[in-house]
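Enquirer: Below: one structure in structure tokens.
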Amino acid sequence: MIPLLEFDALRVTLPGPRGTRRTVIHRVDLALAPGSAVGLVGESGSGKSLTARSVLGLLPPGARVDGDVRFDGASVPAMRPPELRALRRGGAAMVFQDPRAHINPLRTVGDFLTEALVSVRGLTRAAADARATALLDEVHVADAARRLRQRPAELSGGLLQRVMIAAALAAEPRLLLADEPTTALDVTTQAEVMAVIDEARRRHGLTLLFITHDLALAAAVCDRAAVLYAGTLAEELPAHRLATGATHPYTRALLAARPDPTVPGAKLRAIEGRPLPADEAGPGCPFAPRCARATGTCRTERPEPRPSGDGRAACHHPVPLEGSAP
Amino acid sequence: MTAHYLLRRALGLLATLLAASLAIYGGLFLAPGDPATLLVGGGKPPNPALLAEIHRQYHLDDPFLTRYWHWLTGMLHGDAGTSLAHHDSVAHLIGSRIGTTALLIAYASTLILLVGTALGTLAGLRGGRTATAVTAATGTLMAVPTFVSAVLLIWLFAVRLGWLPAYGTGDGLADRLRHLTLPALALAASWLAYVAQVTRSAVHTEQGSEHVQTARGRGIPERLVIRRHVLRNASGPILSVAGVSVAGLIAGSSVIEQTFGLNGVGALLVQSAARQDLAVVQALALLTVTAFALVNTAVDVATAALDHRTPIGGARP
Amino acid sequence: MKPLLEVEQLVKHYGAHTAVDGVDLRLMPGQALAVVGESGSGKTTTARLVTGLETSDAGRITLGGAPPPGPRARRAERLAHARRVQLVFQDPYTSLDPRQKIGDAVAEVLALHGPLRGAALEARRDELLTRVGLDARQAGSRPRALSGGQRQRAAIARALAVEPDLLVLDEAVAALDVSVQAQIVDLLARIREQRPIAYLFITHDLGIVPFLCEDVVVMRGGRIVESGRSRDVLTAPRDPYTRALVDSVPRPGWKPARQPARQPARQPERKAVTP
Amino acid sequence: MTTLRLAAAVRGPGRTGPRGRPVPLLAGAVVALVVLAAALAPLIAPHDPNAVDPLAVSLPPGAAHWLGTDDTGRDIASRLLYGARPSLLAPLAVTLAAGTIGTALAVSAAWLGGWWDRLVTAALDLVFGFPGLVLAVVGAALFGAGLPVAVATLTIAYLPYVARVVRGSALRERHLPYVAALRMLGLGGARACLRHLLPNLAPLVLVQTATAFGYTLLDTAAFSFIGLGAQPPTAEWGLMVAQGAPGLLAGRPEQALAAGGAIVLFTVACGLLGTALSQRLAGDRT
């Protein structure tokens, strides 16, 4: 099956001081089958947000893309403005971490939801209003008619994020990009917003790329999980195998740093050092300085992604799984 | 926009004006010597009979607050006393000159609002070389003081090119406007540059804001993005700075009227100050401060109406 | 043994809003207690009241036998209070003076509180920095040159310089990356093994609580809705809100669910700022 | 937000120049050159600035008089050099006084709060209600024309420009956790304020006063121009523009243009230098 979205050795550099270039994504290879949900997990500086933004061509000015990002077989970096507009209008929609910054604060929620319906899809005002109400109902916003008349400042973060999701659904996209959509929310609100996203995805058969720093959250709502470290795809595997089937030492370390709190006797294990920003990564494996399994090779040679366990890992010395040969 | 907010602003305005009038009137008694000597003006040797007459006329022997109240109520009734230098009532002096000043300020305001915002919007939307050019030009223009612009304009347009008159007021509206063109340009120049810079930066900020990117990302047509999101959201800061600059013109008009020999209240203020003609200076200072405060309040109210998020009403940091 | 901290019927209003509404707390010397809640639960206000950064409207706080000193307290009272309780903030970027080298920040506190001067003071300063996992050579660094985790370590070192009986940790790991969070929790746990110190760990993150604190109270709308041993509260919550909270923590096998039956929080909906 | 807007409103925002090193360097050179010329005026001026020569009235620029002479035969170049002294010193005095007093008022108001804060804020708001030039004109009417009165009244007029911004910033800074942390650690209020808070405000105060300098220079010159500031026969740039204005119509624009050009050149250079400074300090903080 042709993937709906495919990152092919994606590499992104940004202009640095005095004509230099900083590499913010070193290498990401990832394919999303139509209707699948993939969690892209990473800490700060891992390049996870930029990876998502590259899908819509929303990279910062001066960004240079090597490798390729293909949406439904078409190369996004090669798209001309009209094609890019078409992609953003109907192909892929994005939900951001901070909905407040992404909705015009001076206009009403109704304006925000209907604007694209009227000006892009050519609906009448009344039809657009009805559609907006239906969309708010769909994301379980109660009292939709009143909400449409309110301004963003009058809504809580959780409600506003649902408005954002409704706006994304209004475009009837095939791909939904969700960039840390619940990070700024309380945990109970997070669970509800994630449930709304999950429900909408199943109902509309959307493909989902879910960006998060939370492995457990990614595992809960995605089919596959991809772990990024310092702009490099470290590991990719089925989400349900995350807890037991990870072979990359970094994935293991992340899991050990956030053990299941309900398991009696669970111990939290920390690894030293700080997450390396992509632009500080040297020639070797970026995780090598923090890795207990690192050898001389790791420090000089960047590992290529290769099959490991049930997925792929970019590691010279993957952790052998219990019951399999070392 | 609630009635409560408007009421609060009105009360604030009233309090400011009251305090300002108290300061203006009280200043007279901060100066060394007998205030009556000052009121005679011109630094002439005081004549005891005249001094006594002034003491009586200005109630200078009453308690301070009584005197102040007398003065203030007089002002409110249009009785601002008598100019001893001009031997005329202050109200008449001001009344015969205020038309010129009002026309000059209106002319300059129009220039600022139209040209300044247009220039700034263009630079903000275009970016690149247009923005650099506008920024450099306005940056320089802002460093040119009003009186130097006046001198340069006179030299260039009146002396070298002979296109426009340098002095005088003219008769009839068209001729008056022709005579006021150079003064208005000189008065408007640095404020126009300032408004253009603020407009450019406000438009630029909105252009880069995430909600505008989202609107573009959703495929909203560009003209709608610019009208509904960029310009609409940038209008708050533009409006407030435009208002401040109009208020600033009120002060700048003194210098311009002096330079171009215009017979307005600005020139009257400067001449009266030089002659220490206190009655006129007090009246004009109060008039200026009132106009300044009115414009500022109007702008704040308008800004609040445009942007429901900013409760500017007395919102001090 | 006498409790280190006793809080009785604590109340704090901000205008018409009641942030803390009758909170009782009891903390023994060396005990680690977590205060868990979502935004608007009153957990941070409780911390600020206990540390004396704000004054309560009603109720009683006794810390090491004395109430927190008021804003006009004398120097000796202030210093004594400082040795009873210290606070580590959420944001390591703003809780250190940006112009002060971190070594100087620690040294300033040491000089203020103790007799140490000169080389002895420097030795103690370096010892404190090493204890929190910093390199003594980093004493000359300004906060700007350090990562978030390192700054948080410096803030902890500065707080430890006065050897407080109680350390209030106000969302002290919330702003950090997952792998760095674990380091700081680990560091805090080890500090408590080395010397008796009590923690009041303010957090929104129930999932991290059992790794640092044996006891927990859950707050909502300014009140405590449940308290108990951390493991028990996590595995068998009694209060419905605590259950909703526990059920919202992502973990293996967890699925997000909407909870339509849940009561709305007491926290008021955001009001528009209309002039 | 409001403070920033109002601060800018007094006269204008910082000017942004093209990127790159050469611009601030050039601006710095201009400023240094003008300051040096003012300091060394007696050594480098070719003539006595006030020496009247009835035989050399309104001369065009030439070898003896680089910029010609004015209508009483005084050497314009020498007057321009000497004129730099009051033209720079008066605004410098205003800026230093307004900066110092304004900062003291602002920081004490923000730190102490309560009635003192309300009083300072109300007083600053009141002063802000008077356009600076009008305040100075009233001052001249009461106390007589002259540079000292202009300096005093402009100082008062510029107090809000410094103090409002600094107070806003001091309030924000005061509520940052590091100040609370210092208090918790047992530091006294005075020490926390003077040793920690104030140094963190210093860059802002510096930028704000540096920007104010440009505006006060324009205002004092304007004040002398309308005859209420520096009095004849003092050589001062604003006054020189006024004295040279009749020459414009008589075909001798040198004096007005030279003095006006000096004002513009110096202000632009100061502005560019101030912008470079503020960018550098802003970069330092994060």
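In the structure tokens, chains take the letters A, B, ... in the order shown, each chain's residues start at 1, and ligands count up from 1 in the order shown.
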When you look at Leu206 (chain C) with a cut-off of 9 Å (counting only C-alpha atoms), what residues show up, excluding the ones that are within fewer than 4 positions of it in the same chain? I need them as a short mmCIF file (atom, residue, chain, number, x, y, z; two decimals) with C-alpha atoms, in the first residue's frame.
Expert:
```
data_model
loop_
_atom_site.label_atom_id
_atom_site.label_comp_id
_atom_site.auth_asym_id
_atom_site.auth_seq_id
_atom_site.Cartn_x
_atom_site.Cartn_y
_atom_site.Cartn_z
CA PRO A 261 3.26 4.68 38.91
CA ALA C 34 3.02 15.56 47.76
CA VAL C 36 -1.41 17.16 43.86
CA GLY C 37 -3.97 19.21 41.97
CA PRO C 210 5.24 7.77 44.29
CA LEU C 234 -2.84 5.73 43.04
CA LEU C 245 -7.29 12.15 38.10
CA VAL C 246 -5.71 8.71 38.39
CA VAL C 249 -2.57 9.44 33.87
#
```
Enquirer: What are the DSSP alpha helix (DSSP H) residues of region 198-321 of chain A, as a ChimeraX atom specification?
Expert: /A:198-204,215-221,242-245,249-257,296-300
Enquirer: For chain D, list the residues within 12 Å of chain C, counting only C-alpha atoms, and write the list as a ChimeraX atom specification.
Expert: /D:112,172-193,195-203,283-286
Enquirer: Now that the selection is made, can you save its residues with C-alpha atoms as a PDB file, in the first residue's frame?
Expert:
```
ATOM      1  CA  LEU D 112       7.576  49.733  48.339  1.00  0.00           C
ATOM      2  CA  ARG D 172       7.662  42.723  36.680  1.00  0.00           C
ATOM      3  CA  GLU D 173      11.163  42.036  37.927  1.00  0.00           C
ATOM      4  CA  ARG D 174      10.049  42.272  41.530  1.00  0.00           C
ATOM      5  CA  HIS D 175       7.492  39.559  40.935  1.00  0.00           C
ATOM      6  CA  LEU D 176       9.983  37.212  39.343  1.00  0.00           C
ATOM      7  CA  PRO D 177      10.674  34.155  41.458  1.00  0.00           C
ATOM      8  CA  TYR D 178      14.324  35.063  42.032  1.00  0.00           C
ATOM      9  CA  VAL D 179      13.344  38.046  44.153  1.00  0.00           C
ATOM     10  CA  ALA D 180      10.991  35.884  46.217  1.00  0.00           C
ATOM     11  CA  ALA D 181      13.767  33.290  46.493  1.00  0.00           C
ATOM     12  CA  LEU D 182      16.202  35.896  47.802  1.00  0.00           C
ATOM     13  CA  ARG D 183      13.707  37.086  50.396  1.00  0.00           C
ATOM     14  CA  MET D 184      13.068  33.481  51.412  1.00  0.00           C
ATOM     15  CA  LEU D 185      16.773  32.984  51.855  1.00  0.00           C
ATOM     16  CA  GLY D 186      16.706  35.772  54.423  1.00  0.00           C
ATOM     17  CA  LEU D 187      18.087  38.693  52.409  1.00  0.00           C
ATOM     18  CA  GLY D 188      16.960  42.104  53.591  1.00  0.00           C
ATOM     19  CA  GLY D 189      14.708  44.187  51.352  1.00  0.00           C
ATOM     20  CA  ALA D 190      17.258  46.935  50.744  1.00  0.00           C
ATOM     21  CA  ARG D 191      19.922  44.448  49.753  1.00  0.00           C
ATOM     22  CA  ALA D 192      17.634  42.443  47.482  1.00  0.00           C
ATOM     23  CA  CYS D 193      16.480  45.653  45.838  1.00  0.00           C
ATOM     24  CA  ARG D 195      22.116  44.478  44.847  1.00  0.00           C
ATOM     25  CA  HIS D 196      19.884  42.244  42.756  1.00  0.00           C
ATOM     26  CA  LEU D 197      16.896  44.072  41.315  1.00  0.00           C
ATOM     27  CA  LEU D 198      18.557  47.359  40.405  1.00  0.00           C
ATOM     28  CA  PRO D 199      21.490  45.852  38.451  1.00  0.00           C
ATOM     29  CA  ASN D 200      18.987  43.847  36.441  1.00  0.00           C
ATOM     30  CA  LEU D 201      17.175  47.048  35.530  1.00  0.00           C
ATOM     31  CA  ALA D 202      20.370  48.895  34.628  1.00  0.00           C
ATOM     32  CA  PRO D 203      20.329  47.944  30.927  1.00  0.00           C
ATOM     33  CA  GLY D 283      20.904  39.779  23.577  1.00  0.00           C
ATOM     34  CA  ASP D 284      22.757  39.668  26.888  1.00  0.00           C
ATOM     35  CA  ARG D 285      19.712  38.939  28.910  1.00  0.00           C
ATOM     36  CA  THR D 286      18.462  35.710  27.298  1.00  0.00           C
TER      37      THR D 286
END
```
Enquirer: Enumerate, in order of chain and increasing residue number, the residues of chain B with an atom no farther than 7 Å from chain A, each with its shortest atom pair and distance in Å to one decimal, counting only C-alpha atoms, as a Markdown table.
Expert:
```
| residue | atom | partner | partner_atom | distance |
| --- | --- | --- | --- | --- |
| B:Glu210 | CA | A:His102 | CA | 5.0 |
| B:His211 | CA | A:His102 | CA | 3.8 |
| B:Thr214 | CA | A:His102 | CA | 6.0 |
| B:Gly217 | CA | A:Arg88 | CA | 5.6 |
| B:Arg218 | CA | A:Arg89 | CA | 5.2 |
| B:Gly219 | CA | A:Arg89 | CA | 5.0 |
| B:Ile220 | CA | A:Ala116 | CA | 5.9 |
| B:His229 | CA | A:Asn104 | CA | 6.8 |
| B:Asp307 | CA | A:Leu106 | CA | 6.4 |
```
Enquirer: Under the rule that only C-alpha atoms are counted, which of B:Trp69, B:Glu53, B:His59, B:Val301 is the nearest residue to chain C?
Expert: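 Closest to chain C, using only C-alpha atoms: B:Val301.
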Enquirer: Can you tell me which residues surround Thr288 (chain B) at a distance of at most 8 Å, considering only C-alpha atoms, apart from same-chain residues fewer than 6 positions away, and format the answer as a ChimeraX atom specification?
Expert: /B:250-251 /D:134
Enquirer: Write out the residues from the selection above, keeping all heavy atoms, as a short mmCIF file (atom, residue, chain, number, x, y, z; two decimals), in the first residue's frame.
Expert:
```
data_model
loop_
_atom_site.label_atom_id
_atom_site.label_comp_id
_atom_site.auth_asym_id
_atom_site.auth_seq_id
_atom_site.Cartn_x
_atom_site.Cartn_y
_atom_site.Cartn_z
N ILE B 250 -0.22 69.51 18.93
CA ILE B 250 -0.72 70.67 19.65
C ILE B 250 0.46 71.43 20.26
O ILE B 250 0.53 72.65 20.22
CB ILE B 250 -1.73 70.24 20.73
CG1 ILE B 250 -2.92 69.55 20.05
CG2 ILE B 250 -2.18 71.42 21.56
CD1 ILE B 250 -3.87 68.88 21.00
N ALA B 251 1.43 70.65 20.79
CA ALA B 251 2.60 71.29 21.37
C ALA B 251 3.52 71.83 20.28
O ALA B 251 4.04 72.94 20.38
CB ALA B 251 3.36 70.30 22.25
N VAL D 134 5.28 72.54 26.29
CA VAL D 134 4.36 73.46 26.96
C VAL D 134 4.80 73.68 28.40
O VAL D 134 4.78 74.80 28.92
CB VAL D 134 2.92 72.91 26.90
CG1 VAL D 134 1.99 73.76 27.77
CG2 VAL D 134 2.42 72.89 25.48
#
```
Enquirer: As a CSV table (one decimal) with N, CA, C and O atoms, in the first residue's frame, please: the residues near Leu249 (chain D) (cut-off 10 Å, only C-alpha atoms, same-chain neighbours under 2 positions excluded).
Expert:
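What landed in selection-v5.csv:
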```
chain,number,residue,atom,x,y,z
B,154,ILE,N,11.3,75.8,3.8
B,154,ILE,CA,11.3,77.1,3.3
B,154,ILE,C,12.4,77.3,2.3
B,154,ILE,O,12.2,77.9,1.2
B,155,TRP,N,13.6,76.9,2.6
B,155,TRP,CA,14.7,77.1,1.8
B,155,TRP,C,14.5,76.4,0.4
B,155,TRP,O,14.6,77.0,-0.7
B,158,ALA,N,10.2,77.4,-0.9
B,158,ALA,CA,9.9,78.8,-1.0
B,158,ALA,C,11.0,79.6,-1.7
B,158,ALA,O,10.7,80.4,-2.6
B,159,VAL,N,12.2,79.3,-1.3
B,159,VAL,CA,13.3,80.1,-1.8
B,159,VAL,C,13.9,79.6,-3.2
B,159,VAL,O,13.9,80.2,-4.2
B,160,ARG,N,14.3,78.3,-3.1
B,160,ARG,CA,14.9,77.7,-4.3
B,160,ARG,C,13.9,77.5,-5.5
B,160,ARG,O,14.1,77.8,-6.6
B,166,ALA,N,6.2,81.1,2.0
B,166,ALA,CA,6.9,80.8,3.2
B,166,ALA,C,6.2,81.4,4.4
B,166,ALA,O,6.3,80.9,5.5
D,244,GLY,N,19.9,82.2,11.7
D,244,GLY,CA,20.3,82.1,10.3
D,244,GLY,C,19.0,82.0,9.4
D,244,GLY,O,19.2,82.1,8.2
D,245,ALA,N,17.8,81.9,10.0
D,245,ALA,CA,16.6,81.8,9.2
D,245,ALA,C,16.4,83.0,8.2
D,245,ALA,O,16.1,82.7,7.0
D,246,PRO,N,16.6,84.2,8.7
D,246,PRO,CA,16.5,85.3,7.7
D,246,PRO,C,17.4,85.2,6.5
D,246,PRO,O,17.1,85.6,5.4
D,247,GLY,N,18.6,84.6,6.8
D,247,GLY,CA,19.6,84.4,5.7
D,247,GLY,C,19.1,83.5,4.6
D,247,GLY,O,19.5,83.6,3.5
D,251,GLY,N,19.6,84.5,0.6
D,251,GLY,CA,20.6,83.7,-0.2
D,251,GLY,C,21.8,83.3,0.6
D,251,GLY,O,22.9,83.0,0.0
D,252,ARG,N,21.7,83.4,1.9
D,252,ARG,CA,22.9,83.0,2.8
D,252,ARG,C,22.4,81.9,3.7
D,252,ARG,O,22.3,82.1,4.9
D,253,PRO,N,22.1,80.7,3.2
D,253,PRO,CA,21.5,79.7,4.1
D,253,PRO,C,22.6,78.9,5.0
D,253,PRO,O,22.2,78.1,5.7
```
Enquirer: For region 212-219 of chain C, list every protein, DNA or RNA residue within 10 Å, evaluated using only C-alpha atoms, and leave out those in the same chain fewer than 3 positions away; present the list as a PyMOL selection string.
Expert: (chain A and resi 268) or (chain C and resi 20+23+25+27+31-38+40-43+185-190+192+198-204+206+208-209+222-234+239+241-242+245)
Enquirer: Could you please tell me, as a list in words, which residues of chain D have an atom within 6 Å of chain B when using only C-alpha atoms?
Expert: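 Contact residues on the first chain: Gly12, Arg15, Phe130, Ala141, Leu142, Gly168, Leu218, Leu248, Gly260, Val264, Thr267 and Val268 of chain D.
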Enquirer: Please produce an output containing C-alpha atoms for each residue in the selection, written as a tab-separated table (two decimals), in the first residue's frame.
Expert:
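And here is the file that came out, result-v9.tsv:
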```
chain	number	residue	atom	x	y	z
D	12	GLY	CA	9.20	57.85	19.27
D	15	ARG	CA	15.41	53.68	15.32
D	130	PHE	CA	1.61	68.24	29.87
D	141	ALA	CA	6.96	82.51	31.61
D	142	LEU	CA	7.27	82.10	35.37
D	168	GLY	CA	6.69	48.79	34.95
D	218	LEU	CA	15.87	68.17	19.92
D	248	LEU	CA	17.57	81.72	3.90
D	260	GLY	CA	20.41	72.31	11.60
D	264	VAL	CA	20.29	66.10	12.73
D	267	THR	CA	20.78	62.92	16.77
D	268	VAL	CA	20.79	60.27	14.04
```
Enquirer: Restricting the calculation to only C-alpha atoms: of B:Leu268, B:Ala188, B:Leu239, B:Ala283, which residue gets closest to Ala302 (chain B)?
Expert: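 Nearest to Ala302 (chain B): B:Leu239.
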Enquirer: I need the residue nearest Glu272 (chain A) from this list: C:Pro237, C:Gly207, C:Gly64, C:Gly133. Use only C-alpha atoms for the distance.
Expert: C:Gly133
